Structures are given as C-alpha cells and as structure tokens.
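Peer 1: Just passing along the structure, written as structure tokens.
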Amino acid sequence: MQRIKSDSATNTGTNTDSAENKVSHLCKRIIPCLDVAAGRTVKGVNFTGLRDVGDPIELAMRYEREGADELVFLDITATVENRDTLLHTVEKVADCLRIPFTVGGGIRSIENADLLLKNGADKVSVNSAAVSDPSLIAAIADKYGSQCCVLAIDARRVKTEEAEEAEEAEFLSISPWQVLVNGGRKPLAIDALAWAKEAVKLGAGEILLTSFDRDGTQIGFDLPMVEVFAKELSVPVIASGGAGSPGCFVDVFKEAGADAALAASILHDDKYKIKTIKETLRQNNIEVRL
Amino acid sequence: MNNKECKRAIELLDIGAGNTGSVRRCLNRLGIESISVGKDRDISGTLPVIFPGVGSFGAVMRLLEASGQKERLVEVINDGVPYLGICVGMQVLLEGSEESPGVAGLGLIEGMVKKFDSGKVPQIGWNLVEPHVATENKKGSGYAYFVNSYYADPNNEAVISHRSQYYRNFASGIKKDNITAYQFHPERSGDYGESLMESWLDATN
C-alpha cells in the first residue's frame with residue numbers, strides 16, 4: 001500500500017522530529033518603499049518636506065540586487081497628469097524586476113486598479129478611497145484575489161490624556177489609534193484597528209500600517225501599535241514608519257510580531273544596506289532570505 | 001522544436017485564471033517567446049506548456065472547462081508534452097481540493113489539495129524550498145515567493161520534488177515524467193526562481 005500522509009515528518013527523509021514539523025521557514029520581509037512623484041523617487045518627514053532621492057527604476061533594481069523581498073511604490077502626488085508617467089514606470093519596473101511589487105496612491109476605482117495590474121503590478125494598495133468606499137476592497141479582491149489587495153492605513157495615537165480631545169475621541173471603539181487620509185493631512189473619526197478588521201472581512205490580503213507619528217523620523221517603529229494589529233488581524237501586517245537602524249527591525253519582528261517591515265529613509269540615505277539589516281536579523285534568530 | 005532558428009517558444013495557457021504577465025515577462029528576460037493559448041488558439045501539442053493559475057481551485061477548473069482546453073491539456077500531457085504548473089497550475093494536477101469540494105481536478109497526480117491549519121493563512125512571502133531528499137541532493141535549495149492557503153498532498157511521495165515548511169511539511173514542487181509544478185512563483189522569486197525556470201526550459205530543449 002502507498003504511503004498516504006505526507007504530514008508525517010519521517011517520510012521527508014530527513015531526521016526531523018514532530019516539533020520540527022511545526023516549524024515555519026517563512027521569512028520576515030524587508031520591503032523598500034519608493035514614494036514617487038512625477039517619475040522620481042522622493043521622501044519627506046511626517047509626510048511633508050519632499051526631497052528627490054533618485055530614479056525609481058534604478059532604485060528598484062538596486063534594491064532587488066541588495067536583497068529586498070518586495071517593493072512598494074506609492075504615487076504620492078496621484079494627479080491625473082502623472083497617471084501615465086506612473087503606468088510607464090510600473091511597466092518598466094515589471095519588465096526588469098524579479099521580485100513582487102505593490103503600487104499604491106490615488107487608486108479610486110476598480111478601473112485604476114485594473115490598469116496598474118495590467119501594466120505589471122503584482123498587488124495594488126488602496127488607502128483614502130477605500131475609507132470613503134470600502135466596496136473598492138471587495139471589488140479588487142473579488143476580481144483578482146485577496147493576495148492582490150493591500151490596504152494601507154495611516155494611523156496615529158489620539159492624545160487621550162487631554163480631556164477635551166478624549167471627548168472628541170469617543171469614536172475609538174477598540175484601539176487608541178485613529179485613521180488619517182489624504183496623505184496624512186486629514187484625521188478621521190475612525191478607529192484604525194476597527195477599520196483594519198472590516199477591511200480584512202471585505203478581502204484585504206495584507207495591511208500596510210504606517211505610523212503617522214513615526215513616519216520619516218528614524219526613531220523606531222511604533223511597536224505598541226504594530227503589536228496589537230499583528231495579534232488581532234488574520235492577515236500579514238507590514239509595519240511602516242520610523243525605521244532608523246537594523247535594531248528597529250529586530251524589535252518590530254521580535255517584540256511586535258510584524259510579518260514584514262517597510263523601509264524608506266534608512267535605505268535611500270544609504271545609511272544602511274538591506275544586507276546589513278538582514279544580517280542583524282539573522283544574528284537575532286529571525287529567519288530572513290539572505 | 002521551433003521553426004524559427006533563434007528564438008525558442010513555449011505556450012502560455014491564458015484563460016483569465018490569473019495574471020500571466022509576470023510569467024511572460026520572466027520568459028522575455030530569458031529570451032523565450034510565449035504564445036498565448038486557451039482563448040483564440042488551442043494548445044498545439046508541439047510546444048511546452050506553462051499554466052500559471054491564480055484564484056480558487058474551483059474557479060480555475062471552471063475556466064479551464066469553459067475554455068475547452070481541459071481535455072486537450074490532459075491529452076498533451078499524457079502524450080509527453082512538457083508541462084509547468086505554477087501555484088493553482090500545480091494544484092489542478094491533483095484529484096480535488098478542500099477549497100472546492102465536489103470539483104474534480106485533472107487527476108494526473110493522485111492525492112488532494114488541502115488547507116493549511118496553522119499560522120496566518122494565506123502564507124505570504126519567501127519560504128525555504130528544499131529538494132526532496134529522496135530524489136535530489138540539498139544543493140538546489142533556496143527561498144521562493146509563496147502566496148497560498150492550500151497545498152498539494154500527493155499520495156505518492158516519489159512525485160514530490162521539493163518540500164517546504166509552513167507549520168507543517170508540504171510539497172512545494174512536483175516532478176513526474178514530463179510534469180513539473182511549483183506551488184511558489186518562480187517568476188517572482190529572484191535568482192533562485194529564475195534558475196528553476198531556466199532548468200525547466202533547458203530540460204524541455
């Protein structure tokens with residue numbers, strides 16, 4: 001009779017025991033984020049004060065060579081005039097890149113998503129438009145699968161210690177963090193964790209969680225926020241905002257349990273290489289692709 | 001195999017079951033022409049076939065049925081045409097899936113497709129792929145990009161070419177005669193994925 005079950009460790013032919021069989025070798029991901037505006041890569045602090053950091057295609061190729069696990073492109077201007085430029089960039093990146101990449105920024109309709117995916121993006125990331133119309137998430141997930149649909153949330157802690165603001169923050173039902181839209185310019189009376197949970201139900205396959213408080217500061221990820229989201233959500237959480245040293249990545253994976261982490265300033269400034277970050281992670285017993 | 005002297009070609013089964021663009025681009029980089037089949041033209045039976053499937057098992061099987069290529073695909077595979085299945089293109093080789101009860105797979109590989117029961121599902125990201133010890137040496141291991149909630153569980157170990165760990169051991173690659181299949185995405189798996197694509201292409205001549 002044939003062996004039927006493959007989950008018995010003995011038939012792998014290696015001397016694995018049953019504890020080993022519960023192991024996962026899925027790696028923690030380092031994802032460089034390229035903010036693009038009019039065909040260039042830019043970066044700001046707390047969403048403002050943009051400076052030019054290079055050609056997106058060149059940067060993309062460099063990051064792939066250096067060990068990036070995925071890339072995210074955010075069109076931060078997302079104006080109609082720039083849309084063709086963006087599609088052109090997406091197409092060129094898709095031709096050259098051999099790792100997955102996500103494109104976000106200004107996706108307001110399923111048609112916007114169609115165009116990006118057709119031009120070679122592996123995933124699209126939606127943000128503000130999904131807040132106004134959550135059915136956008138379901139539309140993308142139904143048509144392309146959840147794995148194509150990333151929900152980006154910009155969140156910040158509401159300063160509840162001040163009575164006045166605490167009263168204004170009664171909308172916070174399950175977490176102390178609120179949603180911001182329009183590139184962080186507009187805070188909304190929406191609980192960020194409650195929103196993330198709803199989005200997952202609608203079909204969001206991953207949550208890209210950016211801390212507005214930490215974005216561009218390089219003082220470390222918002223660990224308490226990432227920890228809660230990673231624990232509460234059934235889909236991967238990509239932590240974003242605040243990476244300043246390889247140690248920050250160790251913390252966000254080990255302490256906060258993030259599945260992936262975004263990196264922008266720390267890489268664009270050539271302060272650290274992806275390899276350096278990953279070597280530090282490996283020294284801390286975190287599985288990475290090196 | 002191809003009339004044109006310089007450029008080799010394969011047929012890419014494109015029936016709307018996922019984005020074939022990234023596979024086409026990968027083949028382009030390797031200097032291989034990909035000819036779309038399944039919509040306006042049938043599988044020829046003279047060129048190797050790649051089927052990159054994305055979506056639910058049931059949806060992919062229905063699309064295969066609707067395209068009129070299901071029987072043809074089984075026929076050419078049985079005739080010895082090299083086949084490369086990617087993701088759901090691997091899963092459809094089996095007899096059925098927990099994802100879509102009652103929907104029959106192609107049944108070219110005995111066994112079922114099962115759902116992961118631990119960890120975040122789907123697994124998304126880079127996982128370690130190791131050649132099955134019984135068939136190959138450890139040399140060909142590497143990290144590859146996965147997005148899957150389900151995994152193929154072949155009855156016959158001998159068809160498993162690669163294995164991976166996601167809170168359980170599972171078959172990440174299958175090799176049986178002219179059939180090759182990967183659960184991960186070689187077209188999005190950097191150097192390692194590209195080397196697997198190249199070896200497959202080399203083996204198909």
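Simple scheme: letters A, B, ... for chains in structure tokens order, numbers from 1 for residues in each chain, numbers from 1 for ligands in the order shown.
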Return the neighbours of chain A among the residues of chain B, cut-off 6 Å, counting only C-alpha atoms, as a compact mmCIF listing (two decimals) with C-alpha atoms, in the first residue's frame.
Peer 2:
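iface_4.txt, freshly written:
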# COMPACT_ATOMS: atom_id res chain seq x y z
CA ARG B 25 7.97 38.99 -18.67
CA LYS B 120 -1.68 33.15 9.11
CA TRP B 126 9.52 33.92 0.99
CA ASN B 127 9.80 30.39 2.27
CA LEU B 128 12.65 27.90 2.11
CA VAL B 133 16.00 14.29 -0.17
CA ASN B 155 -0.33 10.18 -2.31
CA GLN B 165 7.74 24.14 5.98
CA TYR B 166 4.77 26.25 6.97
CA TYR B 167 3.88 24.93 10.41
CA ARG B 168 3.81 21.58 8.61
CA ASN B 169 5.81 19.96 5.90
CA ARG B 188 8.83 36.39 -8.81
CA SER B 189 11.49 34.55 -6.83
CA GLY B 190 14.68 36.37 -7.78
Peer 1: Excluding same-chain residues fewer than 6 positions from range 64-80 of chain B, what lies within 6 Å of it counting only C-alpha atoms, as a PDB file with C-alpha atoms, in the first residue's frame?
Peer 2:
ATOM      1  CA  GLY B  38      -6.625  28.887 -24.445  1.00  0.00           C
ATOM      2  CA  GLY B  45       0.824  19.789 -28.531  1.00  0.00           C
ATOM      3  CA  ASN B 178       7.027  15.420 -18.222  1.00  0.00           C
TER       4      ASN B 178
END
Peer 1: Please run DSSP on the backbone and report, as a PyMOL selection string, all residues within range 6-204 of chain B that come out as alpha helix (DSSP H).
Peer 2: chain B and resi 21-29+57-66+70-78+88-91+190-203
Peer 1: Measuring between only C-alpha atoms, which one of A:Lys186, A:Arg282, A:Ser128, A:His88 shows the shortest distance to Leu115 in chain A?
Peer 2: A:His88
Peer 1: Smallest atom-to-atom distance to Gly183 in chain A: which of A:Val42, A:Ala155, A:Ala60, A:Ala139, using only C-alpha atoms?
Peer 2: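 That would be A:Ala155, the residue with the smallest distance to Gly183 in chain A.
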Peer 1: For each of B:Gly55, B:Tyr150, B:Ala9, B:Asp191, take the minimum atom-to-atom distance to Ser118 in chain B, counting only C-alpha atoms, then give the residue where this is smallest.
Peer 2: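 For Ser118 in chain B, the nearest of the given residues is B:Tyr150.
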Peer 1: Near Leu116 in chain A, counting only C-alpha atoms, which residues have an atom at most 9 Å away, once you skip same-chain residues fewer than 3 positions from it, shown as a list in words?
Peer 2: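 Non-adjacent residues within range: Leu86, Leu87, Val90, Glu91, Val103, Glu111, Asn112, Ala113, Asn119, Gly120, Ala121, Asp122, Lys123 and Val124 of chain A.
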Peer 1: Just the number, please: distance in Å from CA of Ser161 in chain B to CA of Asp177 in chain B, one decimal.
Peer 2: 11.5 Å
Peer 1: Please identify the strand (DSSP E or B) residues within range 157-233 of chain A (assignment by DSSP from backbone atoms) and present them as a PyMOL selection string.
Peer 2: chain A and resi 157+177-181+186-191+206-211
Peer 1: Would you mind listing what lies within 10 Å of Lys197 in chain A as a PyMOL selection string, with only C-alpha atoms counted and same-chain residues fewer than 2 positions away left out?
Peer 2: chain A and resi 192-195+199-202+204+207+229+232-235
